[in-house]
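Peer 1: File data10.txt below, compact mmCIF, C-alpha atoms:
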```
# COMPACT_ATOMS: atom_id res chain seq x y z
CA MET A 1 -16.11 -5.16 21.13
CA LYS A 2 -16.36 -4.20 17.46
CA THR A 3 -18.76 -1.85 15.76
CA SER A 4 -19.57 -1.45 12.05
CA LEU A 5 -18.32 1.52 10.03
CA GLY A 6 -20.04 0.36 6.84
CA ALA A 7 -18.38 -0.40 3.50
CA ARG A 8 -15.58 2.11 3.01
CA PRO A 9 -12.00 2.29 1.74
CA LEU A 10 -10.14 2.42 5.05
CA LEU A 11 -6.70 1.02 5.87
CA TYR A 12 -3.63 2.21 7.81
CA PRO A 13 -1.33 3.53 6.47
CA THR A 14 -1.00 4.06 2.71
CA PRO A 15 2.14 5.11 0.87
CA VAL A 16 2.22 8.41 -1.03
CA LEU A 17 3.01 7.53 -4.64
CA ILE A 18 3.61 10.24 -7.22
CA VAL A 19 2.73 8.75 -10.61
CA ALA A 20 4.37 10.51 -13.56
CA THR A 21 3.33 10.17 -17.21
CA TYR A 22 3.55 11.90 -20.58
CA ASP A 23 0.49 13.11 -22.45
CA ALA A 24 0.03 12.85 -26.24
CA GLN A 25 2.05 16.10 -26.69
CA HIS A 26 4.85 14.72 -24.49
CA LYS A 27 3.94 17.15 -21.69
CA PRO A 28 4.94 15.55 -18.38
CA ASN A 29 2.34 15.21 -15.66
CA ALA A 30 2.34 13.86 -12.13
CA MET A 31 -0.42 12.97 -9.70
CA ALA A 32 -0.54 11.74 -6.10
CA VAL A 33 -1.88 8.21 -5.62
CA ALA A 34 -2.61 6.65 -2.21
CA TRP A 35 -4.34 3.57 -3.63
CA GLY A 36 -1.33 1.52 -4.65
CA GLY A 37 1.68 -0.57 -3.69
CA ILE A 38 3.92 -3.45 -4.68
CA CYS A 39 1.83 -6.38 -5.97
CA CYS A 40 4.38 -8.96 -7.18
CA SER A 41 7.99 -9.80 -6.30
CA LYS A 42 8.94 -11.66 -9.51
CA PRO A 43 8.62 -10.01 -11.93
CA PRO A 44 8.58 -6.98 -9.64
CA CYS A 45 5.27 -5.16 -10.16
CA VAL A 46 3.49 -2.19 -8.62
CA ALA A 47 -0.25 -1.50 -8.68
CA ILE A 48 -1.74 1.98 -8.86
CA SER A 49 -5.44 2.87 -8.96
CA VAL A 50 -6.55 5.95 -10.86
CA ARG A 51 -9.96 7.48 -11.60
CA GLU A 52 -10.95 7.63 -15.27
CA ALA A 53 -11.65 11.36 -14.85
CA THR A 54 -7.98 12.15 -14.21
CA TYR A 55 -5.57 13.42 -16.85
CA THR A 56 -3.16 10.66 -15.84
CA TYR A 57 -5.70 7.98 -16.83
CA GLY A 58 -5.61 9.02 -20.48
CA ASN A 59 -1.83 9.18 -20.41
CA LEU A 60 -1.62 5.66 -18.98
CA VAL A 61 -3.94 4.24 -21.64
CA GLU A 62 -2.06 6.07 -24.41
CA ARG A 63 1.54 5.42 -23.29
CA GLN A 64 1.13 2.14 -21.35
CA ALA A 65 3.91 3.40 -19.10
CA PHE A 66 4.44 5.35 -15.89
CA THR A 67 6.89 5.97 -13.10
CA VAL A 68 6.18 5.80 -9.38
CA ASN A 69 8.13 8.41 -7.47
CA ILE A 70 8.58 8.37 -3.69
CA PRO A 71 8.84 11.86 -2.18
CA SER A 72 10.81 12.73 0.93
CA VAL A 73 9.30 14.73 3.82
CA ASP A 74 11.10 17.77 2.40
CA GLN A 75 8.87 17.46 -0.69
CA LEU A 76 5.55 17.17 1.16
CA LYS A 77 4.09 20.37 -0.28
CA GLU A 78 4.91 19.34 -3.84
CA ALA A 79 3.52 15.82 -3.30
CA ASP A 80 0.26 17.18 -1.91
CA TYR A 81 0.00 19.70 -4.74
CA PHE A 82 0.24 16.86 -7.27
CA GLY A 83 -2.96 15.52 -5.68
CA ILE A 84 -4.80 18.84 -5.82
CA ALA A 85 -4.14 20.28 -9.31
CA SER A 86 -5.04 18.66 -12.64
CA GLY A 87 -2.61 18.23 -15.50
CA ARG A 88 -5.47 19.02 -17.86
CA ASP A 89 -5.19 22.74 -17.16
CA THR A 90 -1.83 23.02 -15.40
CA ASP A 91 1.81 22.25 -16.03
CA LYS A 92 2.52 20.84 -12.56
CA PHE A 93 6.24 20.52 -13.22
CA ALA A 94 6.44 24.21 -14.14
CA VAL A 95 4.49 25.21 -11.02
CA THR A 96 6.58 23.10 -8.63
CA GLY A 97 9.87 23.78 -10.39
CA LEU A 98 10.63 20.04 -10.31
CA THR A 99 12.48 18.35 -13.16
CA ALA A 100 10.82 15.78 -15.46
CA VAL A 101 13.66 13.45 -16.46
CA ALA A 102 12.94 11.21 -19.47
CA SER A 103 13.21 7.54 -18.57
CA ASP A 104 15.48 5.59 -20.89
CA LEU A 105 13.35 2.46 -20.37
CA VAL A 106 9.71 3.54 -20.66
CA GLU A 107 7.76 6.39 -22.23
CA ALA A 108 7.36 8.27 -18.98
CA PRO A 109 9.27 10.89 -17.01
CA TYR A 110 10.55 10.54 -13.47
CA ILE A 111 11.00 13.32 -10.96
CA GLY A 112 14.67 14.25 -10.79
CA GLU A 113 14.58 15.70 -7.27
CA PHE A 114 12.64 12.87 -5.55
CA PRO A 115 14.75 10.17 -3.89
CA LEU A 116 13.29 7.09 -5.58
CA ALA A 117 11.75 6.30 -8.98
CA LEU A 118 10.24 3.04 -10.27
CA GLU A 119 10.09 2.83 -14.10
CA CYS A 120 7.10 0.76 -15.17
CA ARG A 121 5.31 -0.59 -18.21
CA VAL A 122 1.64 -1.49 -17.92
CA VAL A 123 1.08 -5.27 -17.91
CA HIS A 124 -2.47 -5.59 -16.52
CA VAL A 125 -5.54 -3.35 -16.24
CA ALA A 126 -8.74 -3.97 -14.24
CA GLU A 127 -11.73 -1.63 -14.20
CA LEU A 128 -13.06 -1.93 -10.67
CA GLY A 129 -15.55 0.94 -10.46
CA LEU A 130 -14.64 4.54 -9.71
CA HIS A 131 -10.99 3.49 -9.94
CA THR A 132 -9.12 1.49 -12.56
CA LEU A 133 -6.21 -0.60 -11.34
CA PHE A 134 -3.06 -0.52 -13.48
CA VAL A 135 -0.31 -3.04 -12.77
CA GLY A 136 3.12 -1.94 -13.94
CA GLU A 137 6.11 -4.21 -14.26
CA ILE A 138 9.06 -2.43 -12.62
CA LEU A 139 11.88 -2.41 -15.17
CA ASP A 140 14.30 -0.48 -12.99
CA VAL A 141 14.47 1.38 -9.68
CA LYS A 142 16.51 4.57 -9.64
CA ILE A 143 17.65 6.10 -6.39
CA ASP A 144 19.39 9.33 -5.52
CA GLU A 145 23.00 8.50 -4.63
CA THR A 146 22.68 10.55 -1.44
CA CYS A 147 20.06 8.03 -0.19
CA LEU A 148 22.45 5.06 -0.13
CA ASP A 149 24.14 4.07 3.12
CA ALA A 150 27.86 3.38 3.48
CA ALA A 151 27.30 -0.18 2.18
CA GLY A 152 25.48 1.09 -0.92
CA ARG A 153 22.02 -0.01 0.27
CA PRO A 154 18.86 2.16 0.14
CA SER A 155 18.45 3.86 3.52
CA THR A 156 14.99 4.70 4.88
CA ASP A 157 16.61 7.28 7.17
CA LEU A 158 18.10 9.06 4.14
CA ILE A 159 15.07 8.67 1.83
CA LYS A 160 12.79 10.06 4.58
CA PRO A 161 9.52 8.80 3.08
CA PHE A 162 6.12 9.47 4.62
CA SER A 163 2.70 7.87 4.70
CA TRP A 164 -0.95 8.88 4.68
CA THR A 165 -4.02 7.76 6.59
CA PRO A 166 -7.33 7.94 4.74
CA GLY A 167 -9.29 7.85 8.01
CA ASP A 168 -8.23 11.33 9.05
CA ASN A 169 -6.55 12.52 5.85
CA GLN A 170 -3.22 13.06 7.56
CA TYR A 171 0.40 12.76 6.44
CA TYR A 172 2.78 11.07 8.87
CA GLY A 173 6.55 10.79 8.98
CA MET A 174 8.15 7.43 9.74
CA GLY A 175 8.13 6.76 13.48
CA GLU A 176 10.06 4.61 15.89
CA LYS A 177 11.81 1.48 14.61
CA LEU A 178 9.82 -1.34 16.20
CA GLY A 179 11.79 -4.38 15.08
CA LYS A 180 12.80 -6.52 12.14
CA GLY A 181 10.40 -8.42 9.89
CA PHE A 182 10.48 -12.23 10.00
CA SER A 183 12.22 -11.86 13.34
CA VAL A 184 10.23 -10.30 16.20
CA GLY A 185 7.55 -13.02 15.86
CA LYS A 186 10.02 -15.89 16.22
CA VAL A 187 9.40 -16.00 19.96
CA LEU A 188 5.88 -17.29 19.18
CA LYS A 189 7.11 -19.77 16.58
CA GLY A 190 9.44 -21.17 19.22
CA SER A 191 6.50 -21.90 21.51
CA ASP A 192 5.01 -24.03 18.75
CA GLU A 193 8.00 -26.31 18.22
CA MET B 194 22.25 12.25 -9.30
CA LYS B 195 20.45 8.92 -9.60
CA THR B 196 21.90 5.43 -9.78
CA SER B 197 20.22 2.19 -10.83
CA LEU B 198 19.24 -0.48 -8.30
CA GLY B 199 17.88 -2.84 -10.97
CA ALA B 200 14.36 -4.25 -11.23
CA ARG B 201 13.12 -4.95 -7.71
CA PRO B 202 9.99 -4.57 -5.58
CA LEU B 203 10.93 -1.51 -3.55
CA LEU B 204 8.62 1.19 -2.21
CA TYR B 205 8.27 3.13 1.06
CA PRO B 206 6.37 2.29 3.22
CA THR B 207 3.95 -0.64 2.96
CA PRO B 208 1.09 -1.39 5.33
CA VAL B 209 1.09 -4.60 7.38
CA LEU B 210 -2.08 -6.46 6.42
CA ILE B 211 -3.09 -9.64 8.22
CA VAL B 212 -5.23 -11.64 5.79
CA ALA B 213 -7.54 -14.17 7.47
CA THR B 214 -9.29 -17.07 5.73
CA TYR B 215 -10.94 -20.43 6.40
CA ASP B 216 -9.61 -23.66 4.90
CA ALA B 217 -11.82 -26.49 3.59
CA GLN B 218 -12.22 -27.85 7.14
CA HIS B 219 -13.20 -24.39 8.42
CA LYS B 220 -9.89 -24.02 10.27
CA PRO B 221 -9.07 -20.31 10.47
CA ASN B 222 -5.72 -19.13 9.17
CA ALA B 223 -3.98 -15.75 8.97
CA MET B 224 -0.93 -14.52 7.09
CA ALA B 225 0.98 -11.24 6.93
CA VAL B 226 0.82 -9.42 3.59
CA ALA B 227 2.87 -6.33 2.73
CA TRP B 228 1.96 -6.33 -0.96
CA GLY B 229 -1.50 -4.78 -0.77
CA GLY B 230 -3.68 -1.75 -0.18
CA ILE B 231 -6.93 -0.03 -1.11
CA CYS B 232 -7.49 -0.15 -4.88
CA CYS B 233 -10.95 1.38 -5.44
CA SER B 234 -13.11 3.88 -3.54
CA LYS B 235 -16.50 2.93 -5.03
CA PRO B 236 -17.21 0.09 -4.55
CA PRO B 237 -14.55 0.06 -1.84
CA CYS B 238 -11.98 -2.59 -2.73
CA VAL B 239 -8.67 -3.79 -1.33
CA ALA B 240 -5.94 -5.66 -3.23
CA ILE B 241 -3.72 -8.30 -1.64
CA SER B 242 -0.98 -10.28 -3.38
CA VAL B 243 -0.26 -13.82 -2.24
CA ARG B 244 2.14 -16.52 -3.46
CA GLU B 245 0.51 -19.67 -4.80
CA ALA B 246 2.68 -21.72 -2.40
CA THR B 247 0.93 -20.29 0.67
CA TYR B 248 -1.87 -22.03 2.54
CA THR B 249 -3.91 -18.83 2.26
CA TYR B 250 -3.86 -19.03 -1.55
CA GLY B 251 -5.85 -22.28 -1.55
CA ASN B 252 -8.28 -20.86 1.00
CA LEU B 253 -8.85 -17.75 -1.13
CA VAL B 254 -9.52 -19.80 -4.26
CA GLU B 255 -11.86 -22.15 -2.33
CA ARG B 256 -13.79 -19.59 -0.28
CA GLN B 257 -13.55 -16.50 -2.50
CA ALA B 258 -13.49 -14.47 0.70
CA PHE B 259 -11.04 -12.99 3.19
CA THR B 260 -10.66 -10.33 5.84
CA VAL B 261 -7.88 -7.77 6.09
CA ASN B 262 -6.97 -7.07 9.70
CA ILE B 263 -4.87 -4.10 10.80
CA PRO B 264 -2.74 -4.82 13.88
CA SER B 265 -1.74 -2.26 16.47
CA VAL B 266 1.87 -1.83 17.64
CA ASP B 267 0.92 -3.88 20.72
CA GLN B 268 0.33 -6.83 18.36
CA LEU B 269 3.62 -6.57 16.44
CA LYS B 270 4.91 -9.99 17.54
CA GLU B 271 1.69 -11.73 16.50
CA ALA B 272 1.61 -9.88 13.16
CA ASP B 273 5.19 -10.87 12.38
CA TYR B 274 4.52 -14.47 13.45
CA PHE B 275 1.66 -14.64 10.94
CA GLY B 276 4.31 -13.95 8.28
CA ILE B 277 6.72 -16.63 9.51
CA ALA B 278 4.60 -19.74 10.21
CA SER B 279 2.46 -21.63 7.68
CA GLY B 280 -1.17 -22.58 8.29
CA ARG B 281 -0.45 -25.85 6.52
CA ASP B 282 1.25 -27.31 9.58
CA THR B 283 0.24 -24.87 12.34
CA ASP B 284 -2.90 -23.49 13.95
CA LYS B 285 -1.71 -19.90 14.13
CA PHE B 286 -4.73 -18.76 16.11
CA ALA B 287 -4.05 -21.42 18.76
CA VAL B 288 -0.37 -20.44 18.96
CA THR B 289 -1.05 -16.70 19.27
CA GLY B 290 -4.12 -17.10 21.46
CA LEU B 291 -5.99 -14.68 19.22
CA THR B 292 -9.69 -15.11 18.49
CA ALA B 293 -11.04 -16.01 15.04
CA VAL B 294 -14.46 -14.36 14.91
CA ALA B 295 -16.76 -15.62 12.14
CA SER B 296 -17.77 -12.80 9.78
CA ASP B 297 -21.52 -12.56 9.28
CA LEU B 298 -20.98 -11.26 5.75
CA VAL B 299 -18.30 -13.46 4.14
CA GLU B 300 -16.91 -16.95 4.65
CA ALA B 301 -13.84 -15.76 6.51
CA PRO B 302 -12.87 -15.03 10.11
CA TYR B 303 -11.60 -11.74 11.45
CA ILE B 304 -9.22 -11.26 14.36
CA GLY B 305 -11.22 -10.26 17.43
CA GLU B 306 -8.36 -8.50 19.24
CA PHE B 307 -7.04 -6.43 16.30
CA PRO B 308 -8.43 -2.88 16.02
CA LEU B 309 -9.71 -2.97 12.43
CA ALA B 310 -11.15 -5.62 10.11
CA LEU B 311 -12.24 -5.34 6.46
CA GLU B 312 -14.64 -8.09 5.35
CA CYS B 313 -14.12 -8.87 1.66
CA ARG B 314 -15.39 -11.05 -1.16
CA VAL B 315 -13.08 -11.74 -4.09
CA VAL B 316 -14.16 -9.85 -7.23
CA HIS B 317 -11.02 -10.02 -9.40
CA VAL B 318 -7.93 -12.22 -9.66
CA ALA B 319 -4.77 -11.62 -11.70
CA GLU B 320 -1.85 -14.05 -11.88
CA LEU B 321 1.18 -11.80 -12.16
CA GLY B 322 4.08 -14.19 -11.57
CA LEU B 323 5.34 -15.30 -8.17
CA HIS B 324 2.35 -13.48 -6.68
CA THR B 325 -1.34 -13.59 -7.55
CA LEU B 326 -3.30 -10.40 -6.95
CA PHE B 327 -6.73 -10.81 -5.37
CA VAL B 328 -9.10 -7.83 -5.31
CA GLY B 329 -11.71 -7.97 -2.57
CA GLU B 330 -14.80 -5.81 -2.41
CA ILE B 331 -15.03 -4.47 1.15
CA LEU B 332 -18.54 -5.28 2.39
CA ASP B 333 -18.03 -3.83 5.84
CA VAL B 334 -15.33 -2.36 8.06
CA LYS B 335 -15.45 -3.31 11.72
CA ILE B 336 -13.54 -1.34 14.32
CA ASP B 337 -12.90 -1.83 18.00
CA GLU B 338 -15.05 0.68 19.88
CA THR B 339 -12.02 1.76 21.91
CA CYS B 340 -10.44 3.07 18.65
CA LEU B 341 -13.14 5.68 18.01
CA ASP B 342 -12.57 9.27 19.09
CA ALA B 343 -15.11 11.36 21.03
CA ALA B 344 -16.92 12.18 17.79
CA GLY B 345 -17.19 8.48 16.84
CA ARG B 346 -14.53 8.65 14.12
CA PRO B 347 -11.69 6.13 13.65
CA SER B 348 -8.60 7.51 15.39
CA THR B 349 -5.11 6.72 14.12
CA ASP B 350 -3.73 7.59 17.57
CA LEU B 351 -5.97 4.94 19.15
CA ILE B 352 -5.58 2.29 16.41
CA LYS B 353 -1.77 2.68 16.60
CA PRO B 354 -1.01 1.02 13.24
CA PHE B 355 2.49 0.47 11.92
CA SER B 356 4.21 0.11 8.58
CA TRP B 357 7.02 -1.88 6.99
CA THR B 358 9.86 -1.01 4.65
CA PRO B 359 10.96 -3.75 2.23
CA GLY B 360 14.32 -2.03 1.66
CA ASP B 361 15.61 -2.80 5.14
CA ASN B 362 12.90 -5.20 6.35
CA GLN B 363 11.98 -2.94 9.26
CA TYR B 364 8.73 -2.22 11.10
CA TYR B 365 8.05 1.43 11.92
CA GLY B 366 5.49 3.12 14.14
CA MET B 367 3.62 6.15 12.86
CA GLY B 368 5.75 9.27 13.20
CA GLU B 369 5.19 12.99 13.38
CA LYS B 370 1.99 14.46 11.92
CA LEU B 371 3.27 16.43 8.92
CA GLY B 372 0.07 18.07 7.68
CA LYS B 373 -3.32 17.48 6.11
CA GLY B 374 -3.88 15.96 2.68
CA PHE B 375 -5.32 18.20 -0.06
CA SER B 376 -4.21 21.13 2.06
CA VAL B 377 -0.46 21.60 2.59
CA GLY B 378 0.07 21.84 -1.20
CA LYS B 379 -2.45 24.65 -1.66
CA VAL B 380 0.30 27.23 -1.29
CA LEU B 381 1.65 26.04 -4.66
CA LYS B 382 -1.77 25.95 -6.30
CA GLY B 383 -2.19 29.56 -5.24
CA SER B 384 0.95 30.53 -7.12
CA ASP B 385 -0.63 29.10 -10.26
CA GLU B 386 -3.85 31.14 -10.18
```
Turn this file's structure into structure tokens for me.
Peer 2:
Amino acid sequence: MKTSLGARPLLYPTPVLIVATYDAQHKPNAMAVAWGGICCSKPPCVAISVREATYTYGNLVERQAFTVNIPSVDQLKEADYFGIASGRDTDKFAVTGLTAVASDLVEAPYIGEFPLALECRVVHVAELGLHTLFVGEILDVKIDETCLDAAGRPSTDLIKPFSWTPGDNQYYGMGEKLGKGFSVGKVLKGSDE
Amino acid sequence: MKTSLGARPLLYPTPVLIVATYDAQHKPNAMAVAWGGICCSKPPCVAISVREATYTYGNLVERQAFTVNIPSVDQLKEADYFGIASGRDTDKFAVTGLTAVASDLVEAPYIGEFPLALECRVVHVAELGLHTLFVGEILDVKIDETCLDAAGRPSTDLIKPFSWTPGDNQYYGMGEKLGKGFSVGKVLKGSDE
């Protein structure tokens, strides 16, 4: 039996995306974004939603470029900090001691120490209300070499990403492996044939 | 040291969103969507990206409405099946035995047995390439009463959601609780004041 919670932004789980940009003075900034994810396979695109009040918003409009950085569980404190402080009055890279590496593809920095970075140029913008949605075409994905498995493929076990749940405002590590996509449901497809 | 993986849709983790719609004959359909997530807090909105080739795409264009249903780990097989079969030649609700409950707010069904349902009307569409992004305003969130904690709040432990990683095509349960958002990073903010 279902009950109504009213209209609210609730979904389980969200990724934790650290969006990095340059301001007009080329000062790097980074903020934590939970409202976002891949939104197209070809060309590969990622969507991020940002409030107009943030320092990142101005940087996105000015530079039309950003990177999405995936932190590992070892970088939880830094990732959360990026969601607390504002780049308007803080140099978040200086505070965290993380390295802003200039992308060679877009006018944005990526975070040297984080395992994964998506380098993006803005291709679509939609003002939705409190948040504005920016779609970035992913021009390249850069991964730390230590996060590749023996076959040279990205390894979730080595990246050690984490997620967030807006319902209770909690960070979670990755849990038990439950099965393969496009596979565990085949037993039902069989019953239909 | 980072190495290039090329331009590809890679990010850790994604949610597993089951998008339910009606077709022109009012037949309910559901498909699994990993490219999606919340995209605005006020009004609350969710973005889903769907290929034009899917049966759901036509339903979305026709009805301008959908629900996003969050499955629990106990419904992994059904969730994966929704991503394998096509509603064009299958009645996925009949095959899974799940119940399509008519929303009283939008022209779309939600899945009776799944813990959480977001009822949405389409407010923005962007053709990005292989995928089209649909933004839905969330008009209500309905939750199974068994997924509320003693204080009446949605409980991640009771919902038991799961996530997916496109890198290795793997479903994961929720893991260890790592800390609270807007909290674990305060130790760094302190060092800045």
Peer 1: For a quick check of understanding, using only C-alpha atoms, which of B:Ala278, B:Val212, B:Cys238, B:Val294 has the smallest distance to Leu332 of chain B?
Peer 2: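 Among the listed residues, the smallest separation from Leu332 of chain B belongs to B:Cys238.
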Peer 1: Give me, as an MDAnalysis selection string, all polymer residues having an atom no more than 12 Å from segment 142-159 of chain A, counting only C-alpha atoms and skipping those fewer than 5 positions away in the same chain.
Peer 2: (chainID A and resid 67:75 101 103:105 110:120 173:177) or (chainID B and resid 194:206 357:365)
Peer 1: Which value, in Å to one decimal, gives the distance between atom CA of Val334 of chain B and atom CA of Ala32 of chain A?
Peer 2: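 Atom-to-atom, atom CA of Val334 of chain B and atom CA of Ala32 of chain A are spaced 24.9 Å apart.
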Peer 1: State, in Å with one decimal place, the distance from atom CA of Arg51 of chain A to atom CA of Pro208 of chain B.
Peer 2: 22.1 Å
Peer 1: Just the number, please: distance in Å from atom CA of Gly87 of chain A to atom CA of Asp23 of chain A, one decimal.
Peer 2: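 Here the two named atoms are 9.2 Å from each other.
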Peer 1: So that I can see what lies close to Tyr248 of chain B, please list as a VMD selection string the residues with an atom at most 7 Å from it, counting all atoms listed in the file and leaving out residues fewer than 4 positions away in the same chain.
Peer 2: chain B and resid 252 279 to 281
